[in-house]
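**Student:** For reference, the structure I am asking about is given below.
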Amino acid sequence: MTNRARRRDRRVYLRSHPILFMMLAIARRRTVLRIGRTVIVNGTDEYREALTRLPIDRTAKGTTGGSADLLSQGRQLFNEDHAGHRESRRAAAQLFGSDGVARVRPLWLEVLRRRSAPLADGKAIDVVGATREVASVTAAALLGLPGGGESLAVAAADAASRTIRDEILSFGRRGPRRSTRAAVARLFGLVNASTLDQGMAGVTAIAATTTMMAALPRAVAWCADEGLWGHAADPGTRDALVDELLRVIAPTPMLPRAAAADGTIGRCPVHQGDRLFLVNRHAAESYRIGPDPGNPRPSRVSHLIFGAGPHTCPGALLARTQLADALAMLAPYRPVVVRARADRRAAFPGWAALRLRAGTA
Ligand code: HEM
């Protein structure tokens, strides 16, 4: 069963970025590996060390920060050196923290209930479409926009995947093309009525949608393939299942960063300007140990998929609650996967189509 789940899940990597992930898989035996000016970090402690102890240049070309700069319209919202970072973090904590989750949760529960109902009549459901709607209504509510449909998630996914291709996969050499700038402008057209400022609105729209569109369908497919619905139905094991599924799928598997100063990671010297590939898929032991809700890895390991240190993901609670709700809603039907097609263009490895049908109890 585990093999089937892992085999299916591997397709999302092999279809979207085959060369990159083959290269990372070959490098994973070493906790830290230097190739020229690139340092690949795989070890659990070394990954944490890189994010908490080494100064990181959050605006460097070819990194997530370089992309976020475009997506936040030059506001450098979550840049470590930026005086406003603490203020942005406080705003984010208020927005996505427990109060924010309590405010927005009824909206996504309604979508999940409606979208999973056809299972009761023996019909198939579209998990990717449902996730797009969940992500859209969530982001719209966080941004104070009248929300409905899937348009916000569609626009955010398009802007993010184009930006990542132009900025990160070209190692910062290409810069945004005209079509990428147009996609970002389309997204800002949708969020410009937000009560938040424009930069924060753009980053929130991207962060809250693209990650969940990668995470939720992959986690559901793995749960179905490995027959873990019993744990999903049980409130006593559901949270552990969520952490374990997120750990094995590692939705944002590699963080591209750049060193802002000389230092070390493990015993490897790092020089200012070195490109860092921080592979949370390896640091969180995703590829090595399958999900075990009865004996989960400690949270200091599983939560590494949300980063570490001052920039740790402020949306982790929201993400985990949303996935727990989706699994709880689906569990009574014990669904099985009837169709899965990988997304070749998505910002993060994910499914373009995932259809489920009720299984036998
Ligand atoms: C399973 C889903 C998610 C995963 C795997 C994920 C992962 C991450 C990671 C790895 C980082 C970078 C951390 C670092 O550099 O140390 C990050 C940052 C961030 N995430 Fe998430 N995230 C998810 C969902 C969300 C959601 C739902 C939201 C908003 C509602 C969100 C908002 C943010 C923001 C605003 C940042 C930037 C924080 C900063 O730089 O200070 N994320 N996330």
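Letters A, B, ... go to the chains of the structure tokens in the order shown; residues in each chain start at 1; ligands are counted from 1 in the same order.
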Which residues are close to Leu145 of chain A, i.e. within 9 Å by only C-alpha atoms, leaving aside same-chain residues fewer than 3 positions away? Reply as number ranges by chain.

**Tutor:** A: 139-142, 190-191, 193-195

**Student:** Given a cut-off of 7 Å, what residues near ligand 1 show up using only C-alpha atoms and all ligand atoms, put as a PyMOL selection string?

**Tutor:** chain A and resi 51+78-79+89+92+96+203-204+207-209+211-212+215+246+250-252+255+305-316+318-320

**Student:** For Asp121 of chain A, find every residue with an atom within 12 Å (counting only C-alpha atoms), except residues of its own chain fewer than 2 positions away, and show them as JSON, numbers by chain.

**Tutor:** {"A": [116, 117, 118, 119, 123, 124, 125, 333, 357, 358, 359]}

**Student:** Name the residues of segment 75-179 of chain A that fall into alpha helix (DSSP H) according to DSSP on the backbone, using the chain letters and numbers of this document, as an mmCIF file with N, CA and C atoms, in the first residue's frame.

**Tutor:**
data_model
loop_
_atom_site.group_PDB
_atom_site.id
_atom_site.type_symbol
_atom_site.label_atom_id
_atom_site.label_comp_id
_atom_site.auth_asym_id
_atom_site.auth_seq_id
_atom_site.Cartn_x
_atom_site.Cartn_y
_atom_site.Cartn_z
ATOM 1 N N HIS A 85 9.760 43.941 8.706
ATOM 2 C CA HIS A 85 9.479 42.507 8.748
ATOM 3 C C HIS A 85 8.686 42.116 9.987
ATOM 4 N N ARG A 86 9.090 42.702 11.137
ATOM 5 C CA ARG A 86 8.392 42.327 12.365
ATOM 6 C C ARG A 86 6.920 42.765 12.312
ATOM 7 N N GLU A 87 6.746 43.932 11.709
ATOM 8 C CA GLU A 87 5.375 44.451 11.583
ATOM 9 C C GLU A 87 4.547 43.545 10.656
ATOM 10 N N SER A 88 5.175 43.140 9.524
ATOM 11 C CA SER A 88 4.470 42.233 8.597
ATOM 12 C C SER A 88 4.120 40.928 9.300
ATOM 13 N N ARG A 89 5.064 40.401 10.121
ATOM 14 C CA ARG A 89 4.828 39.142 10.828
ATOM 15 C C ARG A 89 3.655 39.287 11.797
ATOM 16 N N ARG A 90 3.628 40.452 12.497
ATOM 17 C CA ARG A 90 2.522 40.664 13.452
ATOM 18 C C ARG A 90 1.187 40.678 12.711
ATOM 19 N N ALA A 91 1.176 41.387 11.569
ATOM 20 C CA ALA A 91 -0.063 41.459 10.783
ATOM 21 C C ALA A 91 -0.457 40.059 10.309
ATOM 22 N N ALA A 92 0.564 39.272 9.862
ATOM 23 C CA ALA A 92 0.285 37.921 9.367
ATOM 24 C C ALA A 92 -0.252 37.042 10.496
ATOM 25 N N ALA A 93 0.347 37.185 11.708
ATOM 26 C CA ALA A 93 -0.095 36.356 12.839
ATOM 27 C C ALA A 93 -1.562 36.648 13.154
ATOM 28 N N GLN A 94 -1.936 37.914 13.065
ATOM 29 C CA GLN A 94 -3.327 38.273 13.347
ATOM 30 C C GLN A 94 -4.256 37.714 12.276
ATOM 31 N N LEU A 95 -3.772 37.807 11.050
ATOM 32 C CA LEU A 95 -4.598 37.421 9.914
ATOM 33 C C LEU A 95 -4.804 35.913 9.831
ATOM 34 N N PHE A 96 -3.699 35.140 9.961
ATOM 35 C CA PHE A 96 -3.796 33.691 9.747
ATOM 36 C C PHE A 96 -3.776 32.905 11.058
ATOM 37 N N SER A 98 -5.096 31.905 15.148
ATOM 38 C CA SER A 98 -6.299 31.159 15.525
ATOM 39 C C SER A 98 -7.576 31.980 15.330
ATOM 40 N N ASP A 99 -7.524 33.309 15.554
ATOM 41 C CA ASP A 99 -8.737 34.124 15.335
ATOM 42 C C ASP A 99 -9.115 34.129 13.857
ATOM 43 N N GLY A 100 -8.073 34.286 13.014
ATOM 44 C CA GLY A 100 -8.316 34.287 11.564
ATOM 45 C C GLY A 100 -8.908 32.961 11.111
ATOM 46 N N VAL A 101 -8.352 31.869 11.625
ATOM 47 C CA VAL A 101 -8.847 30.538 11.249
ATOM 48 C C VAL A 101 -10.316 30.389 11.666
ATOM 49 N N ALA A 102 -10.632 30.811 12.903
ATOM 50 C CA ALA A 102 -12.010 30.666 13.392
ATOM 51 C C ALA A 102 -12.975 31.482 12.519
ATOM 52 N N ARG A 103 -12.513 32.617 12.048
ATOM 53 C CA ARG A 103 -13.375 33.498 11.239
ATOM 54 C C ARG A 103 -13.655 32.889 9.859
ATOM 55 N N VAL A 104 -12.623 32.297 9.252
ATOM 56 C CA VAL A 104 -12.734 31.874 7.850
ATOM 57 C C VAL A 104 -13.199 30.421 7.709
ATOM 58 N N ARG A 105 -12.986 29.632 8.760
ATOM 59 C CA ARG A 105 -13.246 28.190 8.671
ATOM 60 C C ARG A 105 -14.670 27.824 8.194
ATOM 61 N N PRO A 106 -15.739 28.514 8.690
ATOM 62 C CA PRO A 106 -17.085 28.136 8.216
ATOM 63 C C PRO A 106 -17.220 28.223 6.702
ATOM 64 N N LEU A 107 -16.486 29.149 6.074
ATOM 65 C CA LEU A 107 -16.585 29.298 4.618
ATOM 66 C C LEU A 107 -15.998 28.088 3.908
ATOM 67 N N TRP A 108 -14.788 27.641 4.351
ATOM 68 C CA TRP A 108 -14.215 26.490 3.640
ATOM 69 C C TRP A 108 -14.963 25.200 3.995
ATOM 70 N N LEU A 109 -15.551 25.133 5.223
ATOM 71 C CA LEU A 109 -16.327 23.927 5.567
ATOM 72 C C LEU A 109 -17.528 23.778 4.640
ATOM 73 N N GLU A 110 -18.148 24.921 4.323
ATOM 74 C CA GLU A 110 -19.311 24.864 3.409
ATOM 75 C C GLU A 110 -18.899 24.305 2.047
ATOM 76 N N VAL A 111 -17.751 24.772 1.538
ATOM 77 C CA VAL A 111 -17.283 24.300 0.222
ATOM 78 C C VAL A 111 -16.986 22.794 0.294
ATOM 79 N N LEU A 112 -16.281 22.384 1.347
ATOM 80 C CA LEU A 112 -15.908 20.962 1.467
ATOM 81 C C LEU A 112 -17.157 20.075 1.545
ATOM 82 N N ARG A 113 -18.157 20.544 2.297
ATOM 83 C CA ARG A 113 -19.396 19.749 2.459
ATOM 84 C C ARG A 113 -20.089 19.589 1.095
ATOM 85 N N ARG A 114 -20.239 20.712 0.403
ATOM 86 C CA ARG A 114 -20.929 20.690 -0.900
ATOM 87 C C ARG A 114 -20.151 19.858 -1.922
ATOM 88 N N ARG A 115 -18.831 20.026 -1.941
ATOM 89 C CA ARG A 115 -18.030 19.354 -2.969
ATOM 90 C C ARG A 115 -17.868 17.853 -2.704
ATOM 91 N N SER A 116 -18.006 17.418 -1.434
ATOM 92 C CA SER A 116 -17.848 15.980 -1.169
ATOM 93 C C SER A 116 -19.193 15.241 -1.205
ATOM 94 N N VAL A 127 -11.163 16.640 -6.683
ATOM 95 C CA VAL A 127 -10.500 17.201 -5.487
ATOM 96 C C VAL A 127 -9.719 18.471 -5.834
ATOM 97 N N VAL A 128 -9.152 18.536 -7.038
ATOM 98 C CA VAL A 128 -8.359 19.715 -7.403
ATOM 99 C C VAL A 128 -9.270 20.945 -7.518
ATOM 100 N N GLY A 129 -10.420 20.773 -8.191
ATOM 101 C CA GLY A 129 -11.373 21.891 -8.317
ATOM 102 C C GLY A 129 -11.870 22.324 -6.938
ATOM 103 N N ALA A 130 -12.168 21.330 -6.086
ATOM 104 C CA ALA A 130 -12.650 21.656 -4.734
ATOM 105 C C ALA A 130 -11.586 22.436 -3.969
ATOM 106 N N THR A 131 -10.319 22.025 -4.123
ATOM 107 C CA THR A 131 -9.241 22.722 -3.409
ATOM 108 C C THR A 131 -9.079 24.146 -3.938
ATOM 109 N N ARG A 132 -9.224 24.302 -5.265
ATOM 110 C CA ARG A 132 -9.132 25.665 -5.823
ATOM 111 C C ARG A 132 -10.195 26.561 -5.205
ATOM 112 N N GLU A 133 -11.424 26.001 -5.037
ATOM 113 C CA GLU A 133 -12.496 26.831 -4.466
ATOM 114 C C GLU A 133 -12.241 27.111 -2.982
ATOM 115 N N VAL A 134 -11.803 26.073 -2.250
ATOM 116 C CA VAL A 134 -11.470 26.257 -0.825
ATOM 117 C C VAL A 134 -10.412 27.351 -0.681
ATOM 118 N N ALA A 135 -9.353 27.245 -1.511
ATOM 119 C CA ALA A 135 -8.247 28.207 -1.411
ATOM 120 C C ALA A 135 -8.699 29.604 -1.796
ATOM 121 N N SER A 136 -9.562 29.694 -2.811
ATOM 122 C CA SER A 136 -10.043 31.014 -3.250
ATOM 123 C C SER A 136 -10.897 31.687 -2.186
ATOM 124 N N VAL A 137 -11.859 30.941 -1.637
ATOM 125 C CA VAL A 137 -12.744 31.590 -0.653
ATOM 126 C C VAL A 137 -11.949 31.939 0.611
ATOM 127 N N THR A 138 -10.957 31.111 0.941
ATOM 128 C CA THR A 138 -10.129 31.390 2.125
ATOM 129 C C THR A 138 -9.320 32.661 1.908
ATOM 130 N N ALA A 139 -8.630 32.724 0.768
ATOM 131 C CA ALA A 139 -7.787 33.900 0.504
ATOM 132 C C ALA A 139 -8.645 35.156 0.416
ATOM 133 N N ALA A 140 -9.804 35.052 -0.256
ATOM 134 C CA ALA A 140 -10.672 36.230 -0.397
ATOM 135 C C ALA A 140 -11.118 36.721 0.985
ATOM 136 N N ALA A 141 -11.501 35.784 1.850
ATOM 137 C CA ALA A 141 -11.958 36.189 3.185
ATOM 138 C C ALA A 141 -10.817 36.824 3.982
ATOM 139 N N LEU A 142 -9.609 36.254 3.862
ATOM 140 C CA LEU A 142 -8.467 36.825 4.586
ATOM 141 C C LEU A 142 -8.187 38.250 4.100
ATOM 142 N N LEU A 143 -8.408 38.458 2.812
ATOM 143 C CA LEU A 143 -8.090 39.759 2.222
ATOM 144 C C LEU A 143 -9.243 40.750 2.327
ATOM 145 N N SER A 151 -11.627 31.928 -9.007
ATOM 146 C CA SER A 151 -10.801 32.825 -9.824
ATOM 147 C C SER A 151 -9.535 33.312 -9.117
ATOM 148 N N LEU A 152 -9.620 33.553 -7.823
ATOM 149 C CA LEU A 152 -8.438 34.064 -7.122
ATOM 150 C C LEU A 152 -7.311 33.023 -7.127
ATOM 151 N N ALA A 153 -7.671 31.768 -6.871
ATOM 152 C CA ALA A 153 -6.638 30.710 -6.862
ATOM 153 C C ALA A 153 -6.078 30.491 -8.262
ATOM 154 N N VAL A 154 -6.932 30.588 -9.279
ATOM 155 C CA VAL A 154 -6.451 30.401 -10.659
ATOM 156 C C VAL A 154 -5.446 31.496 -10.994
ATOM 157 N N ALA A 155 -5.781 32.752 -10.674
ATOM 158 C CA ALA A 155 -4.882 33.876 -10.989
ATOM 159 C C ALA A 155 -3.587 33.779 -10.181
ATOM 160 N N ALA A 156 -3.695 33.396 -8.913
ATOM 161 C CA ALA A 156 -2.494 33.291 -8.067
ATOM 162 C C ALA A 156 -1.586 32.168 -8.565
ATOM 163 N N ALA A 157 -2.188 31.043 -8.958
ATOM 164 C CA ALA A 157 -1.384 29.909 -9.438
ATOM 165 C C ALA A 157 -0.646 30.292 -10.709
ATOM 166 N N ASP A 158 -1.329 31.013 -11.595
ATOM 167 C CA ASP A 158 -0.706 31.409 -12.856
ATOM 168 C C ASP A 158 0.457 32.376 -12.589
ATOM 169 N N ALA A 159 0.220 33.378 -11.743
ATOM 170 C CA ALA A 159 1.283 34.360 -11.447
ATOM 171 C C ALA A 159 2.473 33.663 -10.780
ATOM 172 N N ALA A 160 2.185 32.747 -9.851
ATOM 173 C CA ALA A 160 3.273 32.091 -9.119
ATOM 174 C C ALA A 160 4.078 31.169 -10.028
ATOM 175 N N SER A 161 3.391 30.371 -10.856
ATOM 176 C CA SER A 161 4.158 29.406 -11.663
ATOM 177 C C SER A 161 5.003 30.144 -12.692
ATOM 178 N N ARG A 162 4.478 31.227 -13.272
ATOM 179 C CA ARG A 162 5.281 31.981 -14.255
ATOM 180 C C ARG A 162 6.474 32.650 -13.561
ATOM 181 N N THR A 163 6.233 33.213 -12.373
ATOM 182 C CA THR A 163 7.314 33.902 -11.673
ATOM 183 C C THR A 163 8.412 32.915 -11.286
ATOM 184 N N ILE A 164 8.008 31.752 -10.799
ATOM 185 C CA ILE A 164 9.008 30.751 -10.391
ATOM 186 C C ILE A 164 9.821 30.291 -11.602
ATOM 187 N N ARG A 165 9.158 30.085 -12.732
ATOM 188 C CA ARG A 165 9.898 29.657 -13.918
ATOM 189 C C ARG A 165 10.875 30.738 -14.372
ATOM 190 N N ASP A 166 10.431 31.983 -14.373
ATOM 191 C CA ASP A 166 11.312 33.061 -14.868
ATOM 192 C C ASP A 166 12.422 33.374 -13.876
ATOM 193 N N GLU A 167 12.087 33.331 -12.592
ATOM 194 C CA GLU A 167 13.036 33.812 -11.577
ATOM 195 C C GLU A 167 13.911 32.674 -11.040
ATOM 196 N N ARG A 178 7.178 39.497 -20.287
ATOM 197 C CA ARG A 178 5.999 40.353 -20.329
ATOM 198 C C ARG A 178 4.742 39.568 -19.882
ATOM 199 N N SER A 179 4.662 38.282 -20.295
ATOM 200 C CA SER A 179 3.481 37.485 -19.935
ATOM 201 C C SER A 179 3.416 37.262 -18.411
#

**Student:** Excluding Ala232 of chain A and any residue of its chain fewer than 5 positions from it, enumerate the residues within 6 Å of it, using only C-alpha atoms, and give them as a list in words.

**Tutor:**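 The residues that qualify are Arg238, Leu327, Ala328 and Ala331 of chain A.
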
**Student:** If you run DSSP on this backbone, which residues of segment 200-262 of chain A come out as strand (DSSP E), and could you give them as a list in words?

**Tutor:** Met254, Leu255, Pro256, Arg257 and Ala258 of chain A

**Student:** Would you mind exporting N, CA and C atoms of the selected residues as a CSV table (one decimal), in the first residue's frame?

**Tutor:**
chain,number,residue,atom,x,y,z
A,254,MET,N,11.7,22.3,-1.8
A,254,MET,CA,13.0,22.8,-1.7
A,254,MET,C,13.0,24.4,-1.7
A,255,LEU,N,13.7,24.9,-0.7
A,255,LEU,CA,13.7,26.4,-0.5
A,255,LEU,C,15.0,27.0,-1.2
A,256,PRO,N,14.8,27.7,-2.3
A,256,PRO,CA,16.0,28.3,-2.9
A,256,PRO,C,16.3,29.6,-2.2
A,257,ARG,N,17.5,29.7,-1.6
A,257,ARG,CA,17.9,30.9,-0.9
A,257,ARG,C,19.4,31.3,-1.3
A,258,ALA,N,19.9,32.4,-0.7
A,258,ALA,CA,21.3,32.8,-1.0
A,258,ALA,C,21.9,33.3,0.3

**Student:** Quick one: residues within 12 Å of Gly294 of chain A, only C-alpha atoms, excluding same-chain residues fewer than 5 positions away - as a PyMOL selection string?

**Tutor:** chain A and resi 228+230-232+234+236-244

**Student:** Which residue gives the smallest distance to Val301 of chain A among A:His282, A:Arg267, A:Arg34, A:Lys61, with only C-alpha atoms counted?

**Tutor:**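 Going through A:His282, A:Arg267, A:Arg34, A:Lys61 one by one, the smallest distance to Val301 of chain A is for A:His282.
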
**Student:** Excluding Ser302 of chain A and residues on its chain fewer than 4 positions from it, collect all residues at most 10 Å away from it, counting only C-alpha atoms, and give them as a ChimeraX atom specification.

**Tutor:** /A:243-248,250,280-281,283-286,296-298,306

**Student:** My list of candidates is A:Leu304, A:Ala205, A:Ala261, A:Val39. Which is closest to Leu187 of chain A when distances are computed with only C-alpha atoms?

**Tutor:**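 Selected residue with least distance to Leu187 of chain A: A:Ala205.
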
**Student:** For each of A:Arg186, A:His271, A:Arg48, A:Arg181, take the minimum atom-to-atom distance to Gly36 of chain A, counting only C-alpha atoms, then give the residue where this is smallest.

**Tutor:**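 Comparing A:Arg186, A:His271, A:Arg48, A:Arg181 against Gly36 of chain A, the winner is A:His271.
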
**Student:** Just how far from atom CA of Ile206 of chain A is atom CA of Gly148 of chain A, in Å to one decimal?

**Tutor:**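 So the two atoms, atom CA of Gly148 of chain A and atom CA of Ile206 of chain A, lie 16.6 Å apart.
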
**Student:** Closest to Ser16 of chain A among A:Pro349, A:Gly273, A:Gly202, A:Pro217, using only C-alpha atoms?

**Tutor:**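 Among A:Pro349, A:Gly273, A:Gly202, A:Pro217, it is A:Pro349 that comes nearest to Ser16 of chain A.
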
**Student:** If you count only C-alpha atoms, which residues fall within 10 Å of Phe21 of chain A, apart from same-chain ones fewer than 6 positions away, as a ChimeraX atom specification?

**Tutor:** /A:10,13-14,27,253-254

**Student:** Between atom CA of Asp126 of chain A and atom CA of Asp225 of chain A, what is the distance, to one decimal in Å?

**Tutor:**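 These two atoms are separated by 16.3 Å.
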
**Student:** Identify which of the residues A:Leu196, A:Ala5, A:Leu276, A:Met329 lies closest to Pro235 of chain A, counting only C-alpha atoms when measuring atom-to-atom distances.

**Tutor:** A:Met329

**Student:** So what do you get for atom CA of Ala201 of chain A versus atom CA of Phe188 of chain A, distance-wise?

**Tutor:**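 Calculated distance between atom CA of Ala201 of chain A and atom CA of Phe188 of chain A is 8.2 Å.
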